[in-house]
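Coordinates from target.cif are shown below (mmCIF, C-alpha atoms).
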data_upload
#
loop_
_atom_site.group_PDB
_atom_site.id
_atom_site.type_symbol
_atom_site.label_atom_id
_atom_site.label_comp_id
_atom_site.auth_asym_id
_atom_site.auth_seq_id
_atom_site.Cartn_x
_atom_site.Cartn_y
_atom_site.Cartn_z
ATOM 1 C CA MET A 1 30.299 -56.078 53.765
ATOM 2 C CA ILE A 2 30.769 -52.318 53.491
ATOM 3 C CA ASN A 3 27.560 -50.370 53.687
ATOM 4 C CA PRO A 4 27.294 -48.133 50.561
ATOM 5 C CA THR A 5 25.089 -45.684 52.467
ATOM 6 C CA LEU A 6 27.832 -45.206 55.067
ATOM 7 C CA ILE A 7 30.413 -44.638 52.346
ATOM 8 C CA VAL A 8 28.303 -41.988 50.612
ATOM 9 C CA ALA A 9 27.363 -40.245 53.879
ATOM 10 C CA THR A 10 30.980 -40.080 55.050
ATOM 11 C CA TRP A 11 32.142 -38.910 51.637
ATOM 12 C CA LEU A 12 29.630 -36.067 51.500
ATOM 13 C CA LEU A 13 30.600 -34.902 54.975
ATOM 14 C CA ILE A 14 34.387 -34.899 54.754
ATOM 15 C CA GLY A 15 35.566 -36.442 51.501
ATOM 16 C CA PRO A 16 37.243 -39.763 50.690
ATOM 17 C CA PRO A 17 37.177 -41.874 53.884
ATOM 18 C CA LEU A 18 40.669 -43.344 53.434
ATOM 19 C CA PRO A 19 42.084 -44.075 55.869
ATOM 20 C CA PHE A 20 38.856 -44.432 57.785
ATOM 21 C CA SER A 21 40.567 -43.359 61.032
ATOM 22 C CA ILE A 22 41.064 -39.879 59.550
ATOM 23 C CA ALA A 23 37.350 -39.679 58.799
ATOM 24 C CA ILE A 24 36.463 -40.577 62.373
ATOM 25 C CA GLY A 25 39.084 -38.110 63.609
ATOM 26 C CA PHE A 26 37.531 -35.288 61.604
ATOM 27 C CA LEU A 27 34.108 -35.957 63.036
ATOM 28 C CA LEU A 28 35.327 -36.252 66.632
ATOM 29 C CA VAL A 29 37.429 -33.087 66.491
ATOM 30 C CA SER A 30 34.624 -31.114 64.883
ATOM 31 C CA LEU A 31 32.153 -32.275 67.536
ATOM 32 C CA LEU A 32 34.590 -31.450 70.340
ATOM 33 C CA SER A 33 35.211 -28.014 68.839
ATOM 34 C CA VAL A 34 31.498 -27.245 68.873
ATOM 35 C CA PHE A 35 31.024 -28.221 72.514
ATOM 36 C CA ARG A 36 34.291 -26.863 73.894
ATOM 37 C CA TYR A 37 33.779 -24.086 76.403
ATOM 38 C CA ARG A 38 36.914 -22.054 75.618
ATOM 39 C CA LEU A 39 36.112 -20.099 72.480
ATOM 40 C CA ARG A 40 39.671 -19.595 71.241
ATOM 41 C CA GLU A 41 40.327 -23.326 71.414
ATOM 42 C CA ARG A 42 37.095 -23.882 69.504
ATOM 43 C CA THR A 43 38.317 -21.497 66.796
ATOM 44 C CA ILE A 44 41.614 -23.369 66.468
ATOM 45 C CA ALA A 45 39.809 -26.721 66.290
ATOM 46 C CA LEU A 46 37.402 -25.529 63.600
ATOM 47 C CA VAL A 47 40.201 -24.068 61.474
ATOM 48 C CA GLY A 48 42.204 -27.243 61.989
ATOM 49 C CA VAL A 49 39.362 -29.440 60.737
ATOM 50 C CA ILE A 50 38.768 -27.416 57.584
ATOM 51 C CA VAL A 51 42.517 -27.241 56.849
ATOM 52 C CA LEU A 52 42.783 -31.029 57.199
ATOM 53 C CA MET A 53 39.822 -31.387 54.840
ATOM 54 C CA LEU A 54 41.602 -29.154 52.321
ATOM 55 C CA ILE A 55 44.821 -31.151 52.631
ATOM 56 C CA GLN A 56 42.960 -34.419 52.168
ATOM 57 C CA CYS A 57 41.189 -33.016 49.111
ATOM 58 C CA ILE A 58 44.461 -31.755 47.583
ATOM 59 C CA LEU A 59 46.224 -35.053 48.217
ATOM 60 C CA THR A 60 43.361 -36.939 46.572
ATOM 61 C CA VAL A 61 43.579 -34.745 43.467
ATOM 62 C CA PHE A 62 47.355 -35.136 43.249
ATOM 63 C CA ALA A 63 47.150 -38.880 43.756
ATOM 64 C CA ILE A 64 44.585 -39.298 40.974
ATOM 65 C CA HIS A 65 46.498 -37.055 38.570
ATOM 66 C CA LEU A 66 49.767 -38.853 39.269
ATOM 67 C CA GLN A 67 48.006 -42.100 38.403
ATOM 68 C CA LEU A 68 46.728 -40.570 35.169
ATOM 69 C CA TRP A 69 50.266 -39.434 34.348
ATOM 70 C CA GLN A 70 51.452 -43.005 35.096
ATOM 71 C CA LEU A 71 53.801 -41.767 37.826
ATOM 72 C CA LEU A 72 51.971 -43.898 40.377
ATOM 73 C CA PRO A 73 50.460 -47.335 39.874
ATOM 74 C CA PRO A 74 46.653 -47.236 39.597
ATOM 75 C CA VAL A 75 44.692 -48.247 42.663
ATOM 76 C CA HIS A 76 42.064 -50.952 42.215
ATOM 77 C CA PHE A 77 39.597 -51.637 45.018
ATOM 78 C CA THR A 78 38.615 -55.279 45.430
ATOM 79 C CA PHE A 79 36.420 -55.228 48.538
ATOM 80 C CA PRO A 80 32.592 -55.467 48.337
ATOM 81 C CA GLY A 81 31.142 -52.161 47.196
ATOM 82 C CA ALA A 82 34.431 -51.214 45.459
ATOM 83 C CA TRP A 83 32.551 -50.011 42.371
ATOM 84 C CA LEU A 84 30.975 -47.252 44.454
ATOM 85 C CA PHE A 85 34.364 -46.284 45.860
ATOM 86 C CA GLN A 86 35.879 -46.104 42.359
ATOM 87 C CA LEU A 87 32.979 -44.008 41.096
ATOM 88 C CA LEU A 88 33.235 -41.571 44.002
ATOM 89 C CA PHE A 89 36.976 -41.131 43.492
ATOM 90 C CA GLY A 90 36.375 -40.033 39.908
ATOM 91 C CA LEU A 91 33.570 -37.707 40.960
ATOM 92 C CA ASP A 92 35.688 -36.330 43.811
ATOM 93 C CA LEU A 93 38.417 -35.296 41.373
ATOM 94 C CA ARG A 94 36.019 -33.203 39.287
ATOM 95 C CA LEU A 95 34.382 -31.606 42.322
ATOM 96 C CA ALA A 96 37.752 -30.756 43.872
ATOM 97 C CA GLU A 97 38.950 -29.132 40.652
ATOM 98 C CA LEU A 98 35.716 -27.152 40.352
ATOM 99 C CA GLY A 99 36.005 -26.043 43.974
ATOM 100 C CA ALA A 100 39.594 -24.885 43.453
ATOM 101 C CA VAL A 101 38.576 -22.761 40.459
ATOM 102 C CA ALA A 102 35.615 -21.310 42.382
ATOM 103 C CA ALA A 103 37.839 -20.464 45.388
ATOM 104 C CA ILE A 104 40.383 -18.702 43.177
ATOM 105 C CA CYS A 105 37.630 -16.691 41.470
ATOM 106 C CA ALA A 106 36.077 -15.781 44.834
ATOM 107 C CA GLY A 107 39.446 -14.660 46.188
ATOM 108 C CA ILE A 108 40.134 -12.490 43.132
ATOM 109 C CA TYR A 109 36.668 -10.927 43.346
ATOM 110 C CA ILE A 110 37.042 -10.105 47.031
ATOM 111 C CA GLU A 111 40.614 -8.836 46.739
ATOM 112 C CA PHE A 112 40.292 -6.789 43.561
ATOM 113 C CA GLY A 113 36.569 -6.078 43.557
ATOM 114 C CA ARG A 114 34.565 -5.859 46.741
ATOM 115 C CA ALA A 115 37.471 -4.898 49.024
ATOM 116 C CA ARG A 116 38.195 -1.839 46.879
ATOM 117 C CA LEU A 117 34.655 -0.466 46.972
ATOM 118 C CA GLY A 118 33.720 2.436 49.211
ATOM 119 C CA LEU A 119 31.100 2.209 51.942
ATOM 120 C CA SER A 120 28.379 3.789 49.809
ATOM 121 C CA GLN A 121 29.232 1.516 46.875
ATOM 122 C CA SER A 122 29.105 -1.572 49.075
ATOM 123 C CA PHE A 123 25.672 -0.571 50.421
ATOM 124 C CA PRO A 124 24.051 1.519 47.662
ATOM 125 C CA TYR A 125 20.602 1.075 49.237
ATOM 126 C CA LEU A 126 21.686 2.799 52.477
ATOM 127 C CA MET A 127 22.226 6.478 53.248
ATOM 128 C CA PHE A 128 25.296 7.552 55.198
ATOM 129 C CA SER A 129 26.176 10.944 56.666
ATOM 130 C CA GLU A 130 28.808 12.549 58.886
ATOM 131 C CA PRO A 131 28.770 11.345 62.513
ATOM 132 C CA THR A 132 28.437 13.533 65.573
ATOM 133 C CA THR A 133 31.521 14.672 67.469
ATOM 134 C CA GLU A 134 30.467 12.602 70.485
ATOM 135 C CA LEU A 135 30.236 9.442 68.377
ATOM 136 C CA ILE A 136 33.667 10.019 66.838
ATOM 137 C CA GLN A 137 35.188 10.575 70.264
ATOM 138 C CA MET A 138 33.578 7.399 71.593
ATOM 139 C CA VAL A 139 35.017 5.318 68.742
ATOM 140 C CA GLN A 140 38.428 6.966 69.107
ATOM 141 C CA ARG A 141 38.492 6.256 72.829
ATOM 142 C CA LEU A 142 37.588 2.590 72.394
ATOM 143 C CA ALA A 143 40.060 2.130 69.518
ATOM 144 C CA GLU A 144 42.842 3.652 71.605
ATOM 145 C CA LYS A 145 41.954 1.392 74.527
ATOM 146 C CA ALA A 146 41.990 -1.638 72.214
ATOM 147 C CA ALA A 147 45.352 -0.508 70.782
ATOM 148 C CA ILE A 148 44.182 -0.417 67.160
ATOM 149 C CA GLU A 149 44.073 2.288 64.519
ATOM 150 C CA CYS A 150 40.845 4.251 64.753
ATOM 151 C CA PRO A 151 38.389 3.171 62.022
ATOM 152 C CA GLU A 152 36.352 5.589 59.969
ATOM 153 C CA VAL A 153 32.986 6.414 61.551
ATOM 154 C CA ARG A 154 29.773 6.907 59.578
ATOM 155 C CA LEU A 155 26.212 7.632 60.626
ATOM 156 C CA LEU A 156 23.558 5.417 59.049
ATOM 157 C CA ASP A 157 20.226 7.015 58.250
ATOM 158 C CA SER A 158 18.032 4.230 59.602
ATOM 159 C CA GLY A 159 15.548 3.917 62.414
ATOM 160 C CA ALA A 160 16.588 0.321 63.064
ATOM 161 C CA PRO A 161 19.070 0.130 65.955
ATOM 162 C CA CYS A 162 22.230 -1.385 64.510
ATOM 163 C CA ALA A 163 25.983 -1.037 64.231
ATOM 164 C CA PHE A 164 28.247 -2.875 61.808
ATOM 165 C CA THR A 165 31.798 -2.899 60.515
ATOM 166 C CA VAL A 166 32.982 -3.269 56.930
ATOM 167 C CA HIS A 167 36.422 -3.431 55.345
ATOM 168 C CA THR A 168 36.455 -1.154 52.315
ATOM 169 C CA LYS A 169 39.251 0.571 50.410
ATOM 170 C CA ARG A 170 41.863 -1.095 52.630
ATOM 171 C CA LYS A 171 40.406 0.421 55.799
ATOM 172 C CA TYR A 172 37.767 -0.367 58.380
ATOM 173 C CA SER A 173 34.580 1.621 58.749
ATOM 174 C CA ILE A 174 32.076 1.424 61.584
ATOM 175 C CA ALA A 175 28.530 2.525 60.795
ATOM 176 C CA VAL A 176 26.132 3.382 63.606
ATOM 177 C CA SER A 177 22.448 3.962 62.921
ATOM 178 C CA ILE A 178 20.440 6.935 64.105
ATOM 179 C CA GLY A 179 18.005 4.425 65.620
ATOM 180 C CA LEU A 180 20.750 3.012 67.834
ATOM 181 C CA LEU A 181 21.751 6.461 69.107
ATOM 182 C CA GLU A 182 18.134 7.438 69.794
ATOM 183 C CA SER A 183 16.946 4.187 71.381
ATOM 184 C CA PHE A 184 19.960 3.171 73.463
ATOM 185 C CA THR A 185 21.786 4.783 76.359
ATOM 186 C CA ASN A 186 25.366 5.988 75.918
ATOM 187 C CA ALA A 187 26.656 2.931 77.787
ATOM 188 C CA GLU A 188 24.690 0.567 75.524
ATOM 189 C CA VAL A 189 25.891 2.353 72.371
ATOM 190 C CA GLU A 190 29.440 2.104 73.680
ATOM 191 C CA ALA A 191 28.962 -1.633 74.255
ATOM 192 C CA CYS A 192 27.759 -2.176 70.667
ATOM 193 C CA ILE A 193 30.686 -0.183 69.267
ATOM 194 C CA ALA A 194 33.113 -2.055 71.527
ATOM 195 C CA HIS A 195 31.819 -5.305 70.003
ATOM 196 C CA GLU A 196 32.629 -3.962 66.531
ATOM 197 C CA ILE A 197 36.031 -2.673 67.629
ATOM 198 C CA CYS A 198 36.865 -6.132 68.951
ATOM 199 C CA HIS A 199 36.064 -7.681 65.568
ATOM 200 C CA ILE A 200 38.813 -5.482 64.140
ATOM 201 C CA LYS A 201 41.225 -6.193 66.996
ATOM 202 C CA ASN A 202 40.653 -9.956 66.671
ATOM 203 C CA ARG A 203 41.333 -9.799 62.895
ATOM 204 C CA ASP A 204 37.991 -11.435 62.247
ATOM 205 C CA PHE A 205 37.725 -10.155 58.681
ATOM 206 C CA ALA A 206 40.910 -11.935 57.592
ATOM 207 C CA LEU A 207 40.055 -15.117 59.483
ATOM 208 C CA ARG A 208 36.514 -15.221 58.120
ATOM 209 C CA LEU A 209 37.847 -14.710 54.603
ATOM 210 C CA ILE A 210 40.176 -17.698 54.948
ATOM 211 C CA VAL A 211 37.422 -19.970 56.256
ATOM 212 C CA THR A 212 34.914 -18.797 53.636
ATOM 213 C CA ILE A 213 37.370 -19.339 50.765
ATOM 214 C CA ALA A 214 38.083 -22.817 52.177
ATOM 215 C CA LYS A 215 34.331 -23.499 52.269
ATOM 216 C CA VAL A 216 34.046 -22.449 48.625
ATOM 217 C CA ALA A 217 36.873 -24.818 47.691
ATOM 218 C CA LEU A 218 35.119 -27.592 49.649
ATOM 219 C CA PHE A 219 31.627 -26.743 48.433
ATOM 220 C CA ALA A 220 30.838 -30.437 47.883
ATOM 221 C CA ARG A 221 31.666 -31.249 51.518
ATOM 222 C CA VAL A 222 28.630 -30.795 53.745
ATOM 223 C CA LEU A 223 30.763 -30.492 56.869
ATOM 224 C CA SER A 224 32.486 -27.357 55.521
ATOM 225 C CA TYR A 225 29.186 -25.422 55.690
ATOM 226 C CA PHE A 226 28.705 -26.343 59.348
ATOM 227 C CA ILE A 227 32.320 -25.431 60.133
ATOM 228 C CA GLU A 228 32.031 -22.009 58.495
ATOM 229 C CA ALA A 229 28.825 -21.206 60.380
ATOM 230 C CA ALA A 230 30.278 -22.442 63.692
ATOM 231 C CA PHE A 231 33.423 -20.376 63.122
ATOM 232 C CA TYR A 232 31.419 -17.199 62.506
ATOM 233 C CA ARG A 233 29.317 -17.807 65.629
ATOM 234 C CA THR A 234 32.422 -18.400 67.711
ATOM 235 C CA ARG A 235 34.021 -15.164 66.543
ATOM 236 C CA GLU A 236 30.836 -13.276 67.463
ATOM 237 C CA LEU A 237 30.958 -14.708 70.976
ATOM 238 C CA LEU A 238 34.650 -13.870 71.235
ATOM 239 C CA ALA A 239 33.900 -10.277 70.221
ATOM 240 C CA ASP A 240 31.249 -10.124 72.942
ATOM 241 C CA GLY A 241 33.731 -11.361 75.535
ATOM 242 C CA ALA A 242 36.474 -8.986 74.420
ATOM 243 C CA ALA A 243 33.997 -6.085 74.435
ATOM 244 C CA THR A 244 33.066 -6.707 78.062
ATOM 245 C CA VAL A 245 36.745 -6.511 78.992
ATOM 246 C CA LEU A 246 37.087 -3.305 76.968
ATOM 247 C CA ILE A 247 34.161 -1.545 78.664
ATOM 248 C CA GLY A 248 34.726 -3.014 82.116
ATOM 249 C CA GLY A 249 31.859 -5.477 82.443
ATOM 250 C CA PRO A 250 29.040 -7.289 80.624
ATOM 251 C CA GLY A 251 26.154 -5.214 82.019
ATOM 252 C CA ALA A 252 25.838 -2.663 79.221
ATOM 253 C CA LEU A 253 26.176 -5.256 76.466
ATOM 254 C CA ILE A 254 23.577 -7.519 78.103
ATOM 255 C CA SER A 255 21.245 -4.523 78.337
ATOM 256 C CA ALA A 256 21.809 -3.653 74.657
ATOM 257 C CA LEU A 257 21.224 -7.222 73.471
ATOM 258 C CA THR A 258 18.107 -7.481 75.633
ATOM 259 C CA LYS A 259 16.701 -4.364 73.973
ATOM 260 C CA LEU A 260 17.492 -5.816 70.556
ATOM 261 C CA GLN A 261 15.400 -8.880 71.413
ATOM 262 C CA GLN A 262 12.397 -6.569 71.682
ATOM 263 C CA VAL A 263 12.967 -4.910 68.291
ATOM 264 C CA ASP A 264 10.256 -5.879 65.810
ATOM 265 C CA TYR A 265 11.828 -4.280 62.750
ATOM 266 C CA VAL A 266 15.092 -5.610 61.383
ATOM 267 C CA ASN A 267 16.606 -4.234 58.159
ATOM 268 C CA GLU A 268 16.974 -7.293 55.946
ATOM 269 C CA ASN A 269 19.636 -5.511 53.861
ATOM 270 C CA LEU A 270 21.963 -5.692 56.842
ATOM 271 C CA VAL A 271 21.516 -9.363 57.693
ATOM 272 C CA GLY A 272 24.908 -10.943 58.241
ATOM 273 C CA THR A 273 26.734 -7.730 59.074
ATOM 274 C CA THR A 274 24.964 -6.069 61.981
ATOM 275 C CA VAL A 275 25.081 -6.680 65.679
ATOM 276 C CA CYS A 276 21.289 -6.788 65.767
ATOM 277 C CA CYS A 277 20.470 -8.704 62.611
ATOM 278 C CA PHE A 278 19.438 -11.951 64.285
ATOM 279 C CA ASP A 279 16.696 -11.468 66.828
ATOM 280 C CA GLY A 280 16.246 -15.107 67.766
ATOM 281 C CA LYS A 281 12.625 -15.173 66.535
ATOM 282 C CA LYS A 282 13.251 -16.339 62.973
ATOM 283 C CA SER A 283 12.811 -19.957 61.976
ATOM 284 C CA VAL A 284 16.480 -20.508 61.235
ATOM 285 C CA ILE A 285 18.367 -23.555 62.480
ATOM 286 C CA GLU A 286 21.057 -21.974 64.637
ATOM 287 C CA ILE A 287 23.644 -24.599 63.746
ATOM 288 C CA MET A 288 23.558 -23.259 60.172
ATOM 289 C CA SER A 289 23.358 -19.594 61.169
ATOM 290 C CA LYS A 290 26.474 -17.418 61.100
ATOM 291 C CA HIS A 291 25.179 -15.383 64.032
ATOM 292 C CA PRO A 292 24.397 -16.859 67.435
ATOM 293 C CA SER A 293 20.942 -15.990 68.698
ATOM 294 C CA LEU A 294 20.688 -13.025 71.023
ATOM 295 C CA SER A 295 19.437 -15.307 73.790
ATOM 296 C CA THR A 296 22.581 -17.439 73.450
ATOM 297 C CA ARG A 297 24.817 -14.381 73.632
ATOM 298 C CA ILE A 298 23.002 -12.986 76.648
ATOM 299 C CA SER A 299 23.064 -16.335 78.445
ATOM 300 C CA LEU A 300 26.809 -16.704 77.896
ATOM 301 C CA LEU A 301 27.513 -13.167 79.103
ATOM 302 C CA ARG A 302 25.467 -13.735 82.244
ATOM 303 C CA LYS A 303 27.303 -16.943 83.107
ATOM 304 C CA MET A 304 30.815 -15.605 82.727
ATOM 305 C CA GLU A 305 32.925 -12.957 84.317
ATOM 306 C CA PRO A 306 34.512 -10.656 81.693
ATOM 307 C CA ALA A 307 38.006 -11.986 82.218
ATOM 308 C CA SER A 308 36.922 -15.616 81.756
ATOM 309 C CA ILE A 309 35.467 -15.194 78.255
ATOM 310 C CA ARG A 310 38.303 -16.277 75.987
#
For the file at hand, write its structure as structure tokens.
Amino acid sequence: MINPTLIVATWLLIGPPLPFSIAIGFLLVSLLSVFRYRLRERTIALVGVIVLMLIQCILTVFAIHLQLWQLLPPVHFTFPGAWLFQLLFGLDLRLAELGAVAAICAGIYIEFGRARLGLSQSFPYLMFSEPTTELIQMVQRLAEKAAIECPEVRLLDSGAPCAFTVHTKRKYSIAVSIGLLESFTNAEVEACIAHEICHIKNRDFALRLIVTIAKVALFARVLSYFIEAAFYRTRELLADGAATVLIGGPGALISALTKLQQVDYVNENLVGTTVCCFDGKKSVIEIMSKHPSLSTRISLLRKMEPASIR
């Protein structure tokens, strides 16, 4: 006797559980990817799981449509609980089609809308000004060391210590707040900027876009939300590791993150984009957060030598 609760739970997580071995495989690989130590392998595993989910979803849609077009014989389930299976297959078709339309719309909006906005248009509630010569030189030096094209540098008129990177008008821009320059030492500022530079070097914007669009297409699959969040967290940790290699050690970055733990004020308008947006004190379940807590980042940096963070 097939347990209907198990069928529904599996379906919500990953989609149609046929064959059931694929369902178990998805869950095992996703769990392994979360607990794997090597961050690049974790990234590959997470992308692999969400791609397999997409393929399974597409195949289900094609199979159902081919049956409707009478190109394939209809499938009739005869085992106990088959009525629930049949119902979920019909529902899955509609959800998959809706997800595909939503993903296409999201991609068009990002490509032809948001990506073409300037920095001030993307953040109309923030004030930007020209950076200091020292700040420009610091960014140029780190970009040259990372072997990437130097991004545009802007100074953010904010007392909150933060630095973030955006991709606007087909170019990258790094914004550094006045609060960061005034509260942190030069080495700590350099560490924060190195973290942002490494996001660009690691092509995190393109990779995040792919995973987010996949999550939109799989909006009815609970597991896709966990995968997206885990992917974002992994890329943050990878940027930390790459930054320590870029600046010659984890000390300055640990010091900067430790200071950020003591910051009481966090600009809510920057949540999700800044290096200091998640202070580890908020009641957010970390497994659903796109940023690892500062304590997690500091702990990982303290345990590893720069060259071993991959």
Exercise for the section: List, as a PyMOL selection string, every residue that the PyMOL selection byres ((chain A and resi 91-107) around 8) selects in the file provided. Expected result: chain A and resi 15-16+57-58+60-61+64+87-90+108-111+213-214+216-220
Problem - Atomic separation - atom CA of His167 of chain A relative to atom CA of Leu126 of chain A, Å - result: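 A separation of 16.3 Å between them.
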Problem - Output check: residues returned by the PyMOL selection byres ((chain A and resi 188-197) around 7), as a list in words - result: Leu142, Ala143, Ala163, Phe164, Thr165, Leu180, Leu181, Phe184, Thr185, Asn186, Ala187, Cys198, His199, Ile200, Lys201, Ala239, Asp240, Ala243, Leu246, Ile247, Ala252, Leu253, Ser255 and Ala256 of chain A
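When atom CA of Leu209 of chain A is paired with atom CA of Ile148 of chain A, their separation reads 20.1 Å.
Nearest to Leu52 of chain A of all the residues A:Ser183, A:Val153, A:Ser224, A:Ser158 is A:Ser224, based on only C-alpha atoms.
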